[in-house]
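This report refers to the structure that appears directly beneath it.
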Amino acid sequence: MRTSVTTTLLVIGGGPGGYVAAIRAGQLGIPTMLVEGASVGGTCLNVGCIPSKAIIHAAEQFDRLRHYAGDSPLGITVQAPRIDLARTVQWKDGIVERLTSGVGALLKKNGVQVVTGWARIIDGKSVDVVQDGTQNSLRIDCEHLLLATGSQAVELPFMPFGGAVVSATEALSPATLPRQLVVVGAGYIGLELGIAYRKLGAQVAVVEAMERILPAYDEALSTPLKAALKRLGIDVHLGCRVEGFDGALNAVNIRDAAGNASALAADRVLVAVGRRPATSGWGLESLRLDMNGPALRIDDQCRTSMRGVWAIGDLAGEPMLAHRAMAQGGMVAEIIAGKRRHFAPAAIAAVCFTDPEIVVVGMTPHQAEGAGVDCISASFPFAANGRAMTIESTDGFVRVVARRDNHRIVGWQAVGRGVSELSSAFSQSIELGALLEDVAATIHAHPTLGEAVQEAALRALGQALHI
């Protein structure tokens with residue numbers, strides 16, 4: 001049996017981009033429906049950004065207690081701590097449930113009709129939705145169709161997910177802790193979870209095909225992290241390719257650049273070699289939209305090549321960041337409501353929640369040079385920051401990049417404990433067109449890690465005070 005309804009805006013996908021678009025459209029009085037096959041919040045809220053940070057936090061607290069069980073210079077001594085993994089996962093799930101419930105309440109408050117089910121595109125104005133456990137389908141006709149289906153983990157064809165081979169999704173809800181974990185891929189997802197598992201007590205090895213960790217990041221930023229991995233006892237195998245998993249022997253077979261083969265003991269394997277836009281299984285191909293590699297091609301208003309069809313977030317390619325999707329979703333809703341908007345951010349922050357954390361906003365010195373922009377840059381080390389000393393975290397630095405001619409800031413980078421919280425200030429300074437002099441003259445609270453931001457600007461001007 002099939003019934004039909006109509007709406008002005010139909011959003012496929014209830015992740016950060018989709019639900020923000022729907023909420024904003026509701027606020028603007030646009031009749032809106034949102035189709036989601038699982039829970040609203042998407043990958044980020046359910047099995048990505050939020051649960052991973054919860055697990056990372058729990059691992060950090062456990063590791064800190066184990067540190068205090070030894071000879072702590074703070075004079076703190078505790079008995080050998082233990083962790084109840086089931087309770088940790090339950091706590092993480094509770095956070096996710098509270099947040100997803102909150103998103104659901106906001107959608108309802110703003111008049112958005114949420115349809116739980118799996119969408120299949122008929123054409124640019126019609127979608128069929130099949131609900132689990134029923135033979136009924138709902139035909140939804142719309143004026144505007146917003147595609148926000150996100151992305152999915154890349155699976156290695158010779159080592160598919162299942163059993164001991166897991167993606168980040170399964171890694172965030174472990175029933176047991178592996179004795180020996182092999183992480184395939186030294187990007188931010190693999191390193192974030194690899195570090196967390198090591199702090200929880202597992203032996204961890206990381207395999208990366210490139211010659212260094214975080215190959216997409218500036219090497220100066222990854223160097224302190226490389227040292228931290230060594231201190232944690234994480235084995236890193238660079239320039240190596242994975243050839244398969246031997247379940248009988250509990251071993252991952254690898255081969256280095258010279259052709260030498262070896263095996264790494266593993267009772268669990270986390271494959272974290274990237275994500276790809278979720279374009280298959282829901283009839284997208286019927287629209288014959290222009291593509292940009294594996295992603296949908298969009299313009300600066302998130303319009304696809306078909307009138308009335310929009311795409312946001314990971315489906316539209318890099319950078320695959322939840323905050324980018326959210327900004328795009330809100331903008332699309334406003335354009336549909338008749339407002340004049342374009343997606344042209346001066347910079348979008350990328351954060352790696354490893355230990356130490358890494359933040360990149362705007363251009364690095366190398367990127368500026370490649371773009372032909374004559375820049376000056378300067379760094380201020382946390383080793384010279386009082387607050388960093390008091391929290392026992394003096395590794396890392398803050399770096400600023402600015403045009404040489406007018407001192408306009410074009411980039412910030414930082415590595416260190418808690419630097420993710422500096423990302424908003426970094427983005428704001430670039431978005432507002434701040435000069436080095438603006439940041440240098442702004443009074444920063446003492447003692448804080450943020451003082452390193454001011455000191456980096458001062459150093460770029462040749463006026464450093466504390467180094």
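Residues are named by chain letter and number: chains run A, B, ... in the order of the structure tokens, numbers start at 1 in each chain, and ligands are numbered from 1 in the order shown.
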May I have all residues of segment 43-168 of chain A that DSSP, computed from the backbone, assigns to strand (DSSP E), given as a PDB file with N, CA and C atoms, in the first residue's frame?
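This is the output file out.pdb:
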```pdb
ATOM      1  N   GLN A 113       8.510  17.471   9.934  1.00  0.00           N
ATOM      2  CA  GLN A 113       7.956  16.119  10.000  1.00  0.00           C
ATOM      3  C   GLN A 113       9.062  15.123   9.687  1.00  0.00           C
ATOM      4  N   VAL A 114       9.415  14.288  10.652  1.00  0.00           N
ATOM      5  CA  VAL A 114      10.460  13.287  10.479  1.00  0.00           C
ATOM      6  C   VAL A 114       9.828  11.963  10.064  1.00  0.00           C
ATOM      7  N   VAL A 115      10.317  11.404   8.973  1.00  0.00           N
ATOM      8  CA  VAL A 115       9.840  10.114   8.470  1.00  0.00           C
ATOM      9  C   VAL A 115      10.965   9.105   8.642  1.00  0.00           C
ATOM     10  N   THR A 116      10.726   8.101   9.465  1.00  0.00           N
ATOM     11  CA  THR A 116      11.731   7.067   9.683  1.00  0.00           C
ATOM     12  C   THR A 116      11.575   5.990   8.618  1.00  0.00           C
ATOM     13  N   TRP A 118      13.649   4.297   4.685  1.00  0.00           N
ATOM     14  CA  TRP A 118      14.743   4.336   3.704  1.00  0.00           C
ATOM     15  C   TRP A 118      14.217   4.914   2.408  1.00  0.00           C
ATOM     16  N   ALA A 119      14.839   5.994   1.990  1.00  0.00           N
ATOM     17  CA  ALA A 119      14.382   6.722   0.808  1.00  0.00           C
ATOM     18  C   ALA A 119      14.960   6.121  -0.474  1.00  0.00           C
ATOM     19  N   ARG A 120      14.169   6.203  -1.531  1.00  0.00           N
ATOM     20  CA  ARG A 120      14.652   5.870  -2.871  1.00  0.00           C
ATOM     21  C   ARG A 120      14.120   6.931  -3.826  1.00  0.00           C
ATOM     22  N   ILE A 121      15.058   7.562  -4.515  1.00  0.00           N
ATOM     23  CA  ILE A 121      14.705   8.654  -5.409  1.00  0.00           C
ATOM     24  C   ILE A 121      13.993   8.126  -6.657  1.00  0.00           C
ATOM     25  N   ILE A 122      12.872   8.735  -6.990  1.00  0.00           N
ATOM     26  CA  ILE A 122      12.154   8.433  -8.227  1.00  0.00           C
ATOM     27  C   ILE A 122      12.589   9.420  -9.306  1.00  0.00           C
ATOM     28  N   ASP A 123      12.569  10.700  -8.959  1.00  0.00           N
ATOM     29  CA  ASP A 123      13.081  11.757  -9.830  1.00  0.00           C
ATOM     30  C   ASP A 123      13.412  12.951  -8.943  1.00  0.00           C
ATOM     31  N   SER A 126      10.369  13.607  -6.604  1.00  0.00           N
ATOM     32  CA  SER A 126       9.614  12.537  -5.944  1.00  0.00           C
ATOM     33  C   SER A 126      10.548  11.506  -5.328  1.00  0.00           C
ATOM     34  N   VAL A 127      10.164  11.063  -4.135  1.00  0.00           N
ATOM     35  CA  VAL A 127      10.946  10.069  -3.400  1.00  0.00           C
ATOM     36  C   VAL A 127       9.985   9.073  -2.761  1.00  0.00           C
ATOM     37  N   ASP A 128      10.315   7.806  -2.848  1.00  0.00           N
ATOM     38  CA  ASP A 128       9.557   6.778  -2.127  1.00  0.00           C
ATOM     39  C   ASP A 128      10.306   6.417  -0.858  1.00  0.00           C
ATOM     40  N   VAL A 129       9.572   6.255   0.236  1.00  0.00           N
ATOM     41  CA  VAL A 129      10.179   5.884   1.523  1.00  0.00           C
ATOM     42  C   VAL A 129       9.550   4.584   1.995  1.00  0.00           C
ATOM     43  N   VAL A 130      10.396   3.592   2.255  1.00  0.00           N
ATOM     44  CA  VAL A 130       9.945   2.308   2.775  1.00  0.00           C
ATOM     45  C   VAL A 130      10.357   2.219   4.231  1.00  0.00           C
ATOM     46  N   SER A 137       4.691   1.943   1.660  1.00  0.00           N
ATOM     47  CA  SER A 137       5.636   2.965   1.220  1.00  0.00           C
ATOM     48  C   SER A 137       4.928   4.307   1.177  1.00  0.00           C
ATOM     49  N   LEU A 138       5.738   5.342   1.305  1.00  0.00           N
ATOM     50  CA  LEU A 138       5.209   6.699   1.298  1.00  0.00           C
ATOM     51  C   LEU A 138       5.835   7.445   0.133  1.00  0.00           C
ATOM     52  N   ARG A 139       5.026   7.970  -0.778  1.00  0.00           N
ATOM     53  CA  ARG A 139       5.544   8.801  -1.869  1.00  0.00           C
ATOM     54  C   ARG A 139       5.527  10.256  -1.396  1.00  0.00           C
ATOM     55  N   ILE A 140       6.680  10.883  -1.439  1.00  0.00           N
ATOM     56  CA  ILE A 140       6.792  12.285  -1.043  1.00  0.00           C
ATOM     57  C   ILE A 140       7.154  13.099  -2.273  1.00  0.00           C
ATOM     58  N   ASP A 141       6.312  14.036  -2.622  1.00  0.00           N
ATOM     59  CA  ASP A 141       6.584  14.964  -3.715  1.00  0.00           C
ATOM     60  C   ASP A 141       7.030  16.294  -3.115  1.00  0.00           C
ATOM     61  N   CYS A 142       8.029  16.895  -3.720  1.00  0.00           N
ATOM     62  CA  CYS A 142       8.594  18.111  -3.129  1.00  0.00           C
ATOM     63  C   CYS A 142       8.969  19.117  -4.200  1.00  0.00           C
ATOM     64  N   GLU A 143       9.123  20.343  -3.756  1.00  0.00           N
ATOM     65  CA  GLU A 143       9.607  21.406  -4.638  1.00  0.00           C
ATOM     66  C   GLU A 143      11.125  21.456  -4.625  1.00  0.00           C
ATOM     67  N   HIS A 144      11.700  21.245  -3.446  1.00  0.00           N
ATOM     68  CA  HIS A 144      13.152  21.248  -3.291  1.00  0.00           C
ATOM     69  C   HIS A 144      13.582  19.938  -2.631  1.00  0.00           C
ATOM     70  N   LEU A 145      14.624  19.331  -3.185  1.00  0.00           N
ATOM     71  CA  LEU A 145      15.147  18.075  -2.654  1.00  0.00           C
ATOM     72  C   LEU A 145      16.578  18.306  -2.189  1.00  0.00           C
ATOM     73  N   LEU A 146      16.815  18.114  -0.904  1.00  0.00           N
ATOM     74  CA  LEU A 146      18.145  18.315  -0.327  1.00  0.00           C
ATOM     75  C   LEU A 146      18.750  16.966   0.028  1.00  0.00           C
ATOM     76  N   LEU A 147      19.885  16.658  -0.581  1.00  0.00           N
ATOM     77  CA  LEU A 147      20.562  15.385  -0.374  1.00  0.00           C
ATOM     78  C   LEU A 147      21.664  15.559   0.674  1.00  0.00           C
ATOM     79  N   SER A 151      28.617  10.001   4.432  1.00  0.00           N
ATOM     80  CA  SER A 151      29.671   9.149   3.893  1.00  0.00           C
ATOM     81  C   SER A 151      29.711   7.837   4.652  1.00  0.00           C
ATOM     82  N   GLN A 152      30.532   6.922   4.164  1.00  0.00           N
ATOM     83  CA  GLN A 152      30.688   5.628   4.817  1.00  0.00           C
ATOM     84  C   GLN A 152      32.154   5.213   4.791  1.00  0.00           C
ATOM     85  N   ALA A 153      32.522   4.355   5.725  1.00  0.00           N
ATOM     86  CA  ALA A 153      33.905   3.914   5.826  1.00  0.00           C
ATOM     87  C   ALA A 153      34.315   3.125   4.590  1.00  0.00           C
ATOM     88  N   VAL A 165      37.640  -7.946  11.975  1.00  0.00           N
ATOM     89  CA  VAL A 165      37.958  -6.766  11.175  1.00  0.00           C
ATOM     90  C   VAL A 165      36.812  -5.765  11.313  1.00  0.00           C
ATOM     91  N   VAL A 166      37.099  -4.599  11.883  1.00  0.00           N
ATOM     92  CA  VAL A 166      36.035  -3.648  12.211  1.00  0.00           C
ATOM     93  C   VAL A 166      36.324  -2.270  11.635  1.00  0.00           C
TER      94      VAL A 166
END
```
Query raised in the report: Near Asn385 of chain A, within 9 Å and counting only C-alpha atoms, which residues show up once chain neighbours fewer than 2 positions away are dropped, as a PyMOL selection string?
Result: chain A and resi 380-383+387-389+394+447-449+451-452+466
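Distances to Gly117 of chain A were evaluated for A:Trp282, A:Leu9, A:Pro215, A:Val236 using only C-alpha atoms, and the minimum falls at A:Trp282.
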Query raised in the report: Per DSSP on the backbone, what are the helix (DSSP H, G or I) residues of segment 47-111 of chain A, as a ChimeraX atom specification?
Result: /A:47,49-68,85-109
Atoms kept (C-alpha atoms) for selection, written as a PDB file, in the first residue's frame:
```
ATOM      1  CA  VAL A  47      28.804   6.539  15.647  1.00  0.00           C
ATOM      2  CA  CYS A  49      32.325  12.623  16.399  1.00  0.00           C
ATOM      3  CA  ILE A  50      30.481  12.505  19.699  1.00  0.00           C
ATOM      4  CA  PRO A  51      30.912   8.850  20.783  1.00  0.00           C
ATOM      5  CA  SER A  52      34.562   8.869  19.742  1.00  0.00           C
ATOM      6  CA  LYS A  53      35.260  11.893  21.941  1.00  0.00           C
ATOM      7  CA  ALA A  54      33.478  10.162  24.819  1.00  0.00           C
ATOM      8  CA  ILE A  55      35.653   7.054  24.453  1.00  0.00           C
ATOM      9  CA  ILE A  56      38.759   9.216  24.073  1.00  0.00           C
ATOM     10  CA  HIS A  57      37.879  11.062  27.293  1.00  0.00           C
ATOM     11  CA  ALA A  58      37.275   7.837  29.233  1.00  0.00           C
ATOM     12  CA  ALA A  59      40.578   6.412  27.985  1.00  0.00           C
ATOM     13  CA  GLU A  60      42.390   9.607  28.976  1.00  0.00           C
ATOM     14  CA  GLN A  61      40.997   9.515  32.521  1.00  0.00           C
ATOM     15  CA  PHE A  62      41.878   5.841  32.921  1.00  0.00           C
ATOM     16  CA  ASP A  63      45.399   6.392  31.628  1.00  0.00           C
ATOM     17  CA  ARG A  64      45.861   9.343  33.967  1.00  0.00           C
ATOM     18  CA  LEU A  65      44.865   7.227  36.962  1.00  0.00           C
ATOM     19  CA  ARG A  66      47.335   4.546  35.901  1.00  0.00           C
ATOM     20  CA  HIS A  67      49.976   7.265  35.724  1.00  0.00           C
ATOM     21  CA  TYR A  68      49.166   8.318  39.279  1.00  0.00           C
ATOM     22  CA  LEU A  85      34.246  -1.440  29.628  1.00  0.00           C
ATOM     23  CA  ALA A  86      30.522  -2.231  29.552  1.00  0.00           C
ATOM     24  CA  ARG A  87      29.783   0.729  31.839  1.00  0.00           C
ATOM     25  CA  THR A  88      32.029   2.970  29.746  1.00  0.00           C
ATOM     26  CA  VAL A  89      30.115   2.063  26.587  1.00  0.00           C
ATOM     27  CA  GLN A  90      26.823   2.518  28.458  1.00  0.00           C
ATOM     28  CA  TRP A  91      27.906   6.009  29.542  1.00  0.00           C
ATOM     29  CA  LYS A  92      28.884   6.852  25.963  1.00  0.00           C
ATOM     30  CA  ASP A  93      25.554   5.562  24.666  1.00  0.00           C
ATOM     31  CA  GLY A  94      23.742   7.696  27.240  1.00  0.00           C
ATOM     32  CA  ILE A  95      25.382  10.840  25.879  1.00  0.00           C
ATOM     33  CA  VAL A  96      24.407   9.869  22.340  1.00  0.00           C
ATOM     34  CA  GLU A  97      20.820   9.163  23.395  1.00  0.00           C
ATOM     35  CA  ARG A  98      20.466  12.520  25.150  1.00  0.00           C
ATOM     36  CA  LEU A  99      21.779  14.381  22.126  1.00  0.00           C
ATOM     37  CA  THR A 100      19.718  12.490  19.541  1.00  0.00           C
ATOM     38  CA  SER A 101      16.608  12.986  21.675  1.00  0.00           C
ATOM     39  CA  GLY A 102      17.429  16.680  21.813  1.00  0.00           C
ATOM     40  CA  VAL A 103      17.739  16.891  18.030  1.00  0.00           C
ATOM     41  CA  GLY A 104      14.419  15.093  17.641  1.00  0.00           C
ATOM     42  CA  ALA A 105      12.772  17.549  20.019  1.00  0.00           C
ATOM     43  CA  LEU A 106      14.184  20.531  18.109  1.00  0.00           C
ATOM     44  CA  LEU A 107      12.902  19.159  14.806  1.00  0.00           C
ATOM     45  CA  LYS A 108       9.438  18.708  16.306  1.00  0.00           C
ATOM     46  CA  LYS A 109       9.520  22.142  17.927  1.00  0.00           C
TER      47      LYS A 109
END
```
Query raised in the report: Which polymer residues have any atom within 12 Å of an atom of Ala168 of chain A, counting only C-alpha atoms, with same-chain residues fewer than 4 positions away left out, as a PyMOL selection string?
Result: chain A and resi 43-44+46-49+51-52+55+152-155+161+172-174+183-185+188-194+197+269-275
Query - Polymer residues at most 10 Å from Ser222 of chain A, only C-alpha atoms, same-chain spacing of 5 or more positions, as a list in words - result: Arg212, Ile213, Leu214, Pro215, Ala216, Tyr217, Ala227, Ala228, Pro356, Glu357, Ile358, Gly396 and Val415 of chain A
Query raised in the report: Between A:Ala265, A:Met210, A:Leu34, A:Val242, which has the minimum distance to Leu156 of chain A (counting only C-alpha atoms)?
Result: A:Val242
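As for atom CA of His237 of chain A and atom CA of Ala205 of chain A, they are spaced 7.5 Å apart.
A straight line drawn from atom CA of Gln27 of chain A to atom CA of Ala327 of chain A is 15.3 Å long.
The gap separating atom CA of Gly362 of chain A from atom CA of Ala434 of chain A is 12.9 Å, in Å to one decimal.
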